[in-house]
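This is input10.cif. It holds mmCIF, C-alpha atoms.
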data_protein
loop_
_atom_site.label_atom_id
_atom_site.label_comp_id
_atom_site.auth_asym_id
_atom_site.auth_seq_id
_atom_site.Cartn_x
_atom_site.Cartn_y
_atom_site.Cartn_z
CA MET A 1 66.37 -0.05 -28.71
CA ALA A 2 67.97 1.51 -25.65
CA LYS A 3 71.72 1.67 -25.50
CA PHE A 4 73.57 2.38 -22.26
CA ILE A 5 77.24 3.33 -22.65
CA LEU A 6 79.33 3.18 -19.50
CA SER A 7 81.71 5.97 -18.58
CA GLY A 8 83.02 7.45 -15.35
CA PHE A 9 85.08 9.99 -13.49
CA ALA A 10 88.31 8.01 -13.59
CA ASP A 11 90.10 10.52 -11.36
CA GLU A 12 88.25 8.77 -8.52
CA ILE A 13 90.37 5.70 -9.34
CA ASP A 14 93.69 7.54 -9.14
CA PRO A 15 95.01 11.06 -9.85
CA GLN A 16 97.44 9.69 -12.45
CA LEU A 17 96.10 9.37 -15.98
CA ASP A 18 98.12 6.24 -16.81
CA ILE A 19 96.46 4.39 -13.93
CA GLN A 20 93.02 5.76 -14.86
CA LEU A 21 93.39 4.42 -18.41
CA LYS A 22 94.74 1.06 -17.24
CA VAL A 23 91.96 0.39 -14.73
CA MET A 24 89.16 1.57 -17.03
CA ASN A 25 90.44 -0.80 -19.70
CA GLU A 26 90.56 -3.63 -17.17
CA LEU A 27 86.92 -2.86 -16.32
CA GLU A 28 86.08 -2.88 -20.04
CA ILE A 29 84.74 0.67 -19.88
CA GLY A 30 85.64 2.52 -23.06
CA HIS A 31 84.90 6.11 -22.06
CA ILE A 32 86.05 8.55 -19.38
CA GLU A 33 84.34 11.72 -18.19
CA VAL A 34 87.45 13.85 -17.95
CA ARG A 35 87.84 15.96 -14.81
CA GLY A 36 91.22 15.46 -13.12
CA ILE A 37 94.34 14.53 -15.08
CA ASP A 38 97.55 13.90 -13.14
CA GLY A 39 96.09 15.79 -10.20
CA ILE A 40 95.18 18.89 -12.23
CA ASN A 41 91.68 19.96 -13.26
CA VAL A 42 91.12 19.60 -16.99
CA SER A 43 90.20 23.29 -17.27
CA LYS A 44 93.78 24.27 -16.37
CA TYR A 45 95.37 22.59 -19.38
CA THR A 46 96.16 24.40 -22.61
CA PRO A 47 94.99 23.06 -25.98
CA GLU A 48 98.60 22.15 -26.77
CA GLN A 49 98.90 20.11 -23.59
CA MET A 50 95.57 18.41 -24.28
CA LYS A 51 96.76 17.32 -27.71
CA GLU A 52 99.54 15.38 -25.99
CA ILE A 53 97.08 13.93 -23.50
CA LYS A 54 94.79 12.89 -26.35
CA LYS A 55 97.63 10.75 -27.71
CA LYS A 56 97.57 8.75 -24.46
CA PHE A 57 93.80 8.27 -24.78
CA ASP A 58 94.20 7.11 -28.37
CA ALA A 59 97.00 4.69 -27.45
CA ALA A 60 94.75 3.19 -24.77
CA ASN A 61 91.78 3.10 -27.16
CA MET A 62 89.89 5.28 -24.67
CA LYS A 63 87.27 7.85 -25.66
CA VAL A 64 85.86 10.83 -23.77
CA SER A 65 82.16 10.91 -22.92
CA SER A 66 82.17 14.47 -21.58
CA ILE A 67 84.37 17.18 -20.14
CA GLY A 68 83.50 17.27 -16.43
CA SER A 69 84.21 20.98 -16.20
CA PRO A 70 83.86 23.27 -13.17
CA ILE A 71 82.12 25.94 -15.27
CA GLY A 72 79.29 27.65 -13.41
CA LYS A 73 80.65 26.45 -10.08
CA ILE A 74 81.36 29.97 -8.89
CA LYS A 75 79.25 32.37 -6.84
CA ILE A 76 76.50 34.15 -8.75
CA THR A 77 78.09 37.40 -7.51
CA ASP A 78 81.55 36.55 -8.90
CA PRO A 79 82.74 38.31 -12.06
CA MET A 80 82.33 36.50 -15.38
CA ASP A 81 85.14 37.72 -17.67
CA ASP A 82 87.80 35.24 -16.53
CA HIS A 83 85.19 32.51 -16.26
CA ILE A 84 84.09 32.96 -19.86
CA ASN A 85 87.74 32.78 -20.96
CA GLU A 86 88.09 29.56 -19.01
CA PHE A 87 84.95 28.27 -20.73
CA LYS A 88 86.36 29.14 -24.15
CA ASN A 89 89.45 27.10 -23.28
CA ILE A 90 87.25 24.15 -22.28
CA ILE A 91 85.39 24.38 -25.60
CA GLU A 92 88.73 23.94 -27.38
CA ILE A 93 89.62 21.06 -25.05
CA ALA A 94 86.30 19.35 -25.81
CA LYS A 95 87.00 19.57 -29.53
CA ILE A 96 90.50 18.14 -29.10
CA MET A 97 89.19 15.28 -26.96
CA ASP A 98 86.50 14.56 -29.55
CA THR A 99 83.50 14.79 -27.23
CA LYS A 100 80.27 16.68 -27.82
CA TYR A 101 79.47 17.27 -24.15
CA ILE A 102 80.59 19.79 -21.51
CA ARG A 103 79.17 19.50 -17.98
CA LEU A 104 78.44 22.79 -16.19
CA PHE A 105 76.49 24.32 -13.30
CA SER A 106 74.15 27.23 -12.58
CA PHE A 107 76.13 29.12 -9.92
CA PHE A 108 76.28 28.96 -6.14
CA MET A 109 73.59 30.96 -4.36
CA PRO A 110 74.30 33.14 -1.33
CA LYS A 111 73.30 31.22 1.78
CA GLU A 112 70.15 32.31 3.58
CA GLU A 113 68.89 34.13 0.48
CA ASP A 114 66.04 33.17 -1.83
CA PRO A 115 67.47 31.86 -5.13
CA LYS A 116 64.56 33.58 -6.93
CA LYS A 117 66.32 36.87 -6.27
CA TYR A 118 69.13 35.78 -8.61
CA ARG A 119 67.03 34.07 -11.30
CA ASP A 120 67.48 36.77 -13.94
CA GLU A 121 71.25 36.87 -13.41
CA VAL A 122 71.46 33.07 -13.59
CA LEU A 123 69.58 32.98 -16.88
CA LYS A 124 71.68 35.82 -18.26
CA ARG A 125 74.89 33.94 -17.45
CA MET A 126 73.61 30.58 -18.71
CA GLN A 127 72.66 32.29 -21.97
CA MET A 128 76.22 33.60 -22.15
CA PHE A 129 77.50 30.02 -22.05
CA VAL A 130 75.08 28.92 -24.77
CA ASP A 131 76.00 31.91 -26.94
CA THR A 132 79.73 31.34 -26.42
CA ALA A 133 79.43 27.69 -27.49
CA LYS A 134 77.11 28.44 -30.41
CA GLY A 135 78.26 26.88 -33.67
CA SER A 136 80.73 24.55 -31.93
CA GLY A 137 78.48 21.51 -32.21
CA LEU A 138 78.78 21.00 -28.46
CA ILE A 139 75.93 20.27 -26.06
CA LEU A 140 76.15 21.83 -22.60
CA LEU A 141 74.94 19.60 -19.78
CA HIS A 142 73.52 21.29 -16.70
CA GLU A 143 74.09 19.21 -13.57
CA ASN A 144 71.88 19.49 -10.52
CA GLU A 145 74.32 20.28 -7.72
CA LYS A 146 73.74 21.13 -4.08
CA GLY A 147 73.80 24.86 -3.39
CA ILE A 148 73.47 26.12 -6.97
CA TYR A 149 70.38 27.72 -8.52
CA GLY A 150 69.43 24.48 -10.27
CA ASP A 151 69.71 22.24 -7.22
CA ASN A 152 66.10 21.06 -7.29
CA ALA A 153 64.06 19.79 -10.23
CA LYS A 154 61.81 22.83 -10.48
CA ARG A 155 64.69 25.27 -10.86
CA CYS A 156 66.56 22.89 -13.21
CA LEU A 157 63.48 22.90 -15.40
CA ASP A 158 63.26 26.68 -15.13
CA VAL A 159 66.81 27.05 -16.49
CA LEU A 160 66.31 24.55 -19.31
CA GLU A 161 62.93 25.86 -20.44
CA SER A 162 63.83 29.53 -20.07
CA ILE A 163 66.97 29.16 -22.19
CA GLY A 164 65.08 26.87 -24.55
CA SER A 165 68.10 25.75 -26.55
CA GLU A 166 68.85 22.33 -28.01
CA ASP A 167 72.44 23.07 -27.01
CA LEU A 168 71.59 23.00 -23.28
CA LYS A 169 70.39 19.72 -21.79
CA ALA A 170 70.25 18.02 -18.39
CA VAL A 171 72.65 15.62 -16.77
CA PHE A 172 70.64 13.85 -14.06
CA ASP A 173 72.44 13.09 -10.79
CA PRO A 174 70.24 11.09 -8.36
CA ALA A 175 72.50 11.48 -5.31
CA ASN A 176 72.69 15.26 -5.65
CA PHE A 177 68.91 15.48 -5.68
CA ILE A 178 68.66 13.29 -2.57
CA GLN A 179 71.17 15.54 -0.80
CA CYS A 180 68.88 18.49 -1.56
CA GLY A 181 65.78 16.73 -0.23
CA GLN A 182 64.37 16.26 -3.73
CA GLU A 183 62.57 13.04 -4.65
CA THR A 184 64.29 11.58 -7.70
CA PHE A 185 61.62 9.24 -9.02
CA PRO A 186 59.02 9.81 -10.16
CA GLU A 187 58.99 13.53 -9.32
CA ALA A 188 62.32 14.97 -10.51
CA TYR A 189 62.75 12.38 -13.24
CA ASN A 190 59.34 12.94 -14.81
CA MET A 191 59.75 16.68 -14.63
CA LEU A 192 63.12 16.62 -16.41
CA LYS A 193 62.74 13.52 -18.59
CA PRO A 194 62.35 15.43 -21.91
CA HIS A 195 65.65 17.21 -21.19
CA ILE A 196 67.77 14.31 -19.88
CA GLU A 197 70.72 13.79 -22.20
CA TYR A 198 73.19 12.14 -19.81
CA MET A 199 73.16 10.25 -16.50
CA HIS A 200 75.49 10.40 -13.53
CA ILE A 201 75.41 7.16 -11.57
CA LYS A 202 75.63 8.16 -7.94
CA ASP A 203 73.28 7.15 -5.11
CA ALA A 204 72.77 8.47 -1.58
CA LEU A 205 70.94 7.76 1.64
CA SER A 206 68.45 10.26 3.02
CA ASP A 207 71.15 11.62 5.36
CA GLY A 208 73.25 12.51 2.31
CA SER A 209 75.77 9.67 2.63
CA VAL A 210 76.87 8.45 -0.80
CA VAL A 211 76.47 4.72 -1.45
CA PRO A 212 76.80 2.38 -4.44
CA ALA A 213 74.01 2.53 -7.03
CA GLY A 214 70.84 0.84 -5.87
CA MET A 215 71.68 1.02 -2.17
CA GLY A 216 70.32 4.50 -1.50
CA GLU A 217 67.19 6.57 -1.96
CA GLY A 218 68.03 7.69 -5.51
CA LYS A 219 65.90 4.98 -7.17
CA VAL A 220 68.61 4.36 -9.74
CA LYS A 221 67.08 1.06 -10.85
CA GLU A 222 63.66 2.63 -11.44
CA ILE A 223 65.17 5.51 -13.39
CA LEU A 224 67.30 3.26 -15.59
CA THR A 225 64.35 0.91 -16.14
CA ASP A 226 62.26 3.80 -17.45
CA LEU A 227 65.11 5.18 -19.53
CA LYS A 228 65.58 1.77 -21.12
CA ALA A 229 61.86 1.49 -21.88
CA SER A 230 61.96 4.98 -23.40
CA GLY A 231 64.77 4.02 -25.79
CA TYR A 232 67.46 6.15 -24.14
CA GLU A 233 70.73 6.03 -26.02
CA GLY A 234 73.47 7.63 -24.02
CA PHE A 235 76.01 7.58 -21.23
CA LEU A 236 75.82 6.28 -17.70
CA SER A 237 78.77 7.99 -16.06
CA LEU A 238 79.93 6.60 -12.73
CA GLU A 239 80.77 9.20 -10.12
CA PRO A 240 80.97 6.94 -7.07
CA HIS A 241 82.15 9.44 -4.41
CA LEU A 242 82.61 6.50 -2.03
CA ALA A 243 85.56 8.02 -0.15
CA ASN A 244 83.55 8.62 3.03
CA PHE A 245 81.13 5.72 2.78
CA VAL A 246 81.47 4.17 6.24
CA GLY A 247 79.65 0.93 5.41
CA LEU A 248 81.75 0.19 2.35
CA ALA A 249 83.91 -2.54 3.88
CA SER A 250 80.96 -4.62 5.06
CA LEU A 251 79.61 -4.91 1.50
CA GLU A 252 82.43 -7.03 0.18
CA GLU A 253 82.83 -10.39 1.85
CA GLY A 254 86.29 -11.87 1.74
CA LYS A 255 87.92 -8.49 1.08
CA ASP A 256 90.42 -7.01 3.47
CA LYS A 257 88.44 -4.34 5.27
CA GLU A 258 91.46 -2.13 5.74
CA ALA A 259 92.21 -2.21 2.02
CA ILE A 260 88.64 -1.60 0.86
CA SER A 261 88.36 1.41 3.15
CA THR A 262 91.43 3.06 1.66
CA ASN A 263 91.81 1.66 -1.86
CA THR A 264 90.21 3.99 -4.40
CA GLN A 265 90.50 1.43 -7.18
CA ASP A 266 88.50 -1.10 -5.17
CA LYS A 267 85.86 1.52 -4.43
CA PHE A 268 85.46 2.36 -8.11
CA LYS A 269 85.32 -1.33 -9.04
CA LEU A 270 82.64 -1.84 -6.40
CA ALA A 271 80.59 1.00 -7.92
CA VAL A 272 80.92 -0.60 -11.36
CA LYS A 273 79.86 -3.97 -9.99
CA HIS A 274 76.69 -2.56 -8.44
CA LEU A 275 75.74 -0.68 -11.60
CA ARG A 276 76.24 -3.77 -13.74
CA GLU A 277 74.08 -5.78 -11.33
CA ILE A 278 71.25 -3.28 -11.84
CA LEU A 279 71.70 -3.37 -15.61
CA ASN A 280 71.55 -7.18 -15.56
CA GLN A 281 68.30 -7.02 -13.60
CA ILE A 282 66.59 -4.67 -16.03
#
Could you render the structure as structure tokens?
Amino acid sequence: MAKFILSGFADEIDPQLDIQLKVMNELEIGHIEVRGIDGINVSKYTPEQMKEIKKKFDAANMKVSSIGSPIGKIKITDPMDDHINEFKNIIEIAKIMDTKYIRLFSFFMPKEEDPKKYRDEVLKRMQMFVDTAKGSGLILLHENEKGIYGDNAKRCLDVLESIGSEDLKAVFDPANFIQCGQETFPEAYNMLKPHIEYMHIKDALSDGSVVPAGMGEGKVKEILTDLKASGYEGFLSLEPHLANFVGLASLEEGKDKEAISTNTQDKFKLAVKHLREILNQI
């Protein structure tokens, strides 16, 4: 029996943690994918600071689905020493926040160069992450992101199969694939299906504009329908990115257009509404 658990990047609601927790509770979403806390990236906090933050999560009865870390979001030519230290800190943060997942990336490629040129270095560095996290009980989630080595399905699969570790899985982001000109379903989805451990709920039009789930080319409904049929048990993490969605106001009748175009809470709530509509349909 499939089980979808809703989560989301609550820093898209508000920079302040107290407001994030309040709104997520109002939406009856019991998990947050932690990225920004009080305007600061989670990777910049010390374990001691995170222990205090965890108390706020506990008081709000809120759990953490994943650490939405920036690891691997550096140039492939950048040095690794400081980055590995940052990763070690995030491992400790993940343990404190009682989550088994850390989201990461496979490095920005130099523009106008063939990513194949950097394949060996990418795999070497990804193996470093897996080795560093070994024994922690954590699963690293590689996200397909525009401009990194694993921005299309073929190179995502290359990373996952080449590393070949149960500690490295895929987080599937439909909008990011659309922005890279990659068909999400059935092509990318079928290619990566055995490795999908986690879903980001974000949709986009063919021009790259981000829209609520089900309104773009990401085939979110088709993907979730197949996941459900396959018995997927895991997170659907909302990452709406609706800040620049021009058509947002016209979607909500009876809402003040000025407010909906500027109010981040309304945008997040709209994203939740559209996801829940899809889930009700399937």
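Proximity ranking of A:Lys221, A:Lys22, A:Lys95, A:Lys273 relative to Leu238 in chain A places A:Lys273 first, based on all atoms listed in the file.
With all atoms listed in the file as the basis for measurement, A:Asn176 is the residue among A:Asn176, A:Asn61, A:Gln182, A:Ser66 that approaches Asp203 in chain A most closely.
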Result set of the PyMOL selection byres ((chain A and resi 165) around 12) on the coordinates above, as an MDAnalysis selection string: chainID A and resid 126:127 129:131 133:134 138:141 159:164 166:170 195
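Those DNA, RNA and protein residues that approach the point (72.4, 21.5, -9.0) to within 9 Å, considering only C-alpha atoms, are Phe105, Ser106, Phe107, Phe108, His142, Glu143, Asn144, Glu145, Lys146, Gly147, Ile148, Tyr149, Gly150, Asp151, Asn152, Ala153, Arg155, Cys156, Asp173, Asn176, Phe177 and Cys180 of chain A.
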Residues matched by the PyMOL selection byres ((chain A and resi 174) around 8), written as a list in words: Phe172, Asp173, Ala175, Asn176, Phe177, Ile178, Thr184, His200, Ile201, Lys202, Asp203, Ala204, Gly218, Lys219 and Val220 of chain A
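The space separating CA of Val122 in chain A from CA of Met97 in chain A comes to 28.5 Å.
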Closest of A:Asp98, A:Glu52, A:Asp38, A:Glu121 to Ile76 in chain A - atom-to-atom distances counting all atoms listed in the file: A:Glu121
Residue members of the PyMOL selection byres ((chain A and resi 8) around 12) in the file shown, as number ranges by chain: A: 5-7, 9-13, 20-21, 23-25, 27-36, 62-68, 198-202, 235-241, 268-269, 271-272, 275
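With only C-alpha atoms as the atoms that count, the residue of A:Leu242, A:Ile96, A:Met80, A:Val42 with the shortest distance to Ser209 in chain A is A:Leu242.
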Can you give me all heavy atoms for range 208-219 of chain A, written as a short mmCIF file (atom, residue, chain, number, x, y, z; two decimals), in the frame of the given file?
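Written output follows (out-v2.cif):
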data_model
loop_
_atom_site.label_atom_id
_atom_site.label_comp_id
_atom_site.auth_asym_id
_atom_site.auth_seq_id
_atom_site.Cartn_x
_atom_site.Cartn_y
_atom_site.Cartn_z
N GLY A 208 72.27 11.93 3.22
CA GLY A 208 73.25 12.51 2.31
C GLY A 208 74.46 11.64 2.06
O GLY A 208 75.26 11.94 1.17
N SER A 209 74.61 10.55 2.81
CA SER A 209 75.77 9.67 2.63
C SER A 209 75.71 9.00 1.26
O SER A 209 74.67 8.47 0.87
CB SER A 209 75.79 8.58 3.70
OG SER A 209 75.82 9.15 4.99
N VAL A 210 76.82 9.04 0.54
CA VAL A 210 76.87 8.45 -0.80
C VAL A 210 77.15 6.96 -0.70
O VAL A 210 78.03 6.52 0.05
CB VAL A 210 77.94 9.16 -1.66
CG1 VAL A 210 78.03 8.52 -3.04
CG2 VAL A 210 77.60 10.64 -1.81
N VAL A 211 76.38 6.18 -1.47
CA VAL A 211 76.47 4.72 -1.45
C VAL A 211 76.48 4.20 -2.88
O VAL A 211 76.17 4.94 -3.82
CB VAL A 211 75.28 4.11 -0.67
CG1 VAL A 211 75.33 4.49 0.79
CG2 VAL A 211 73.95 4.53 -1.29
N PRO A 212 76.84 2.93 -3.09
CA PRO A 212 76.80 2.38 -4.44
C PRO A 212 75.39 2.41 -5.03
O PRO A 212 74.40 2.38 -4.29
CB PRO A 212 77.29 0.93 -4.24
CG PRO A 212 78.12 0.98 -3.00
CD PRO A 212 77.44 1.98 -2.12
N ALA A 213 75.30 2.45 -6.33
CA ALA A 213 74.01 2.53 -7.03
C ALA A 213 73.08 1.41 -6.58
O ALA A 213 73.47 0.25 -6.52
CB ALA A 213 74.24 2.46 -8.53
N GLY A 214 71.84 1.80 -6.28
CA GLY A 214 70.84 0.84 -5.87
C GLY A 214 70.74 0.64 -4.38
O GLY A 214 69.81 -0.01 -3.89
N MET A 215 71.68 1.21 -3.62
CA MET A 215 71.68 1.02 -2.17
C MET A 215 71.14 2.23 -1.41
O MET A 215 71.03 2.21 -0.19
CB MET A 215 73.10 0.71 -1.68
CG MET A 215 73.65 -0.59 -2.21
SD MET A 215 75.15 -1.09 -1.34
CE MET A 215 74.50 -1.40 0.30
N GLY A 216 70.80 3.29 -2.14
CA GLY A 216 70.32 4.50 -1.50
C GLY A 216 68.87 4.81 -1.84
O GLY A 216 68.10 3.94 -2.24
N GLU A 217 68.55 6.10 -1.72
CA GLU A 217 67.19 6.57 -1.96
C GLU A 217 67.01 7.14 -3.37
O GLU A 217 65.96 7.67 -3.70
CB GLU A 217 66.84 7.66 -0.93
CG GLU A 217 67.05 7.27 0.51
CD GLU A 217 66.15 6.13 0.96
OE1 GLU A 217 65.00 6.09 0.49
OE2 GLU A 217 66.62 5.29 1.75
N GLY A 218 68.06 7.05 -4.19
CA GLY A 218 68.03 7.69 -5.51
C GLY A 218 67.20 6.99 -6.56
O GLY A 218 66.99 7.52 -7.65
N LYS A 219 66.73 5.77 -6.24
CA LYS A 219 65.90 4.98 -7.17
C LYS A 219 66.56 4.84 -8.54
O LYS A 219 65.94 5.05 -9.58
CB LYS A 219 64.50 5.59 -7.27
CG LYS A 219 63.77 5.59 -5.93
CD LYS A 219 62.33 6.05 -6.06
CE LYS A 219 61.64 5.99 -4.70
NZ LYS A 219 60.26 6.53 -4.75
#
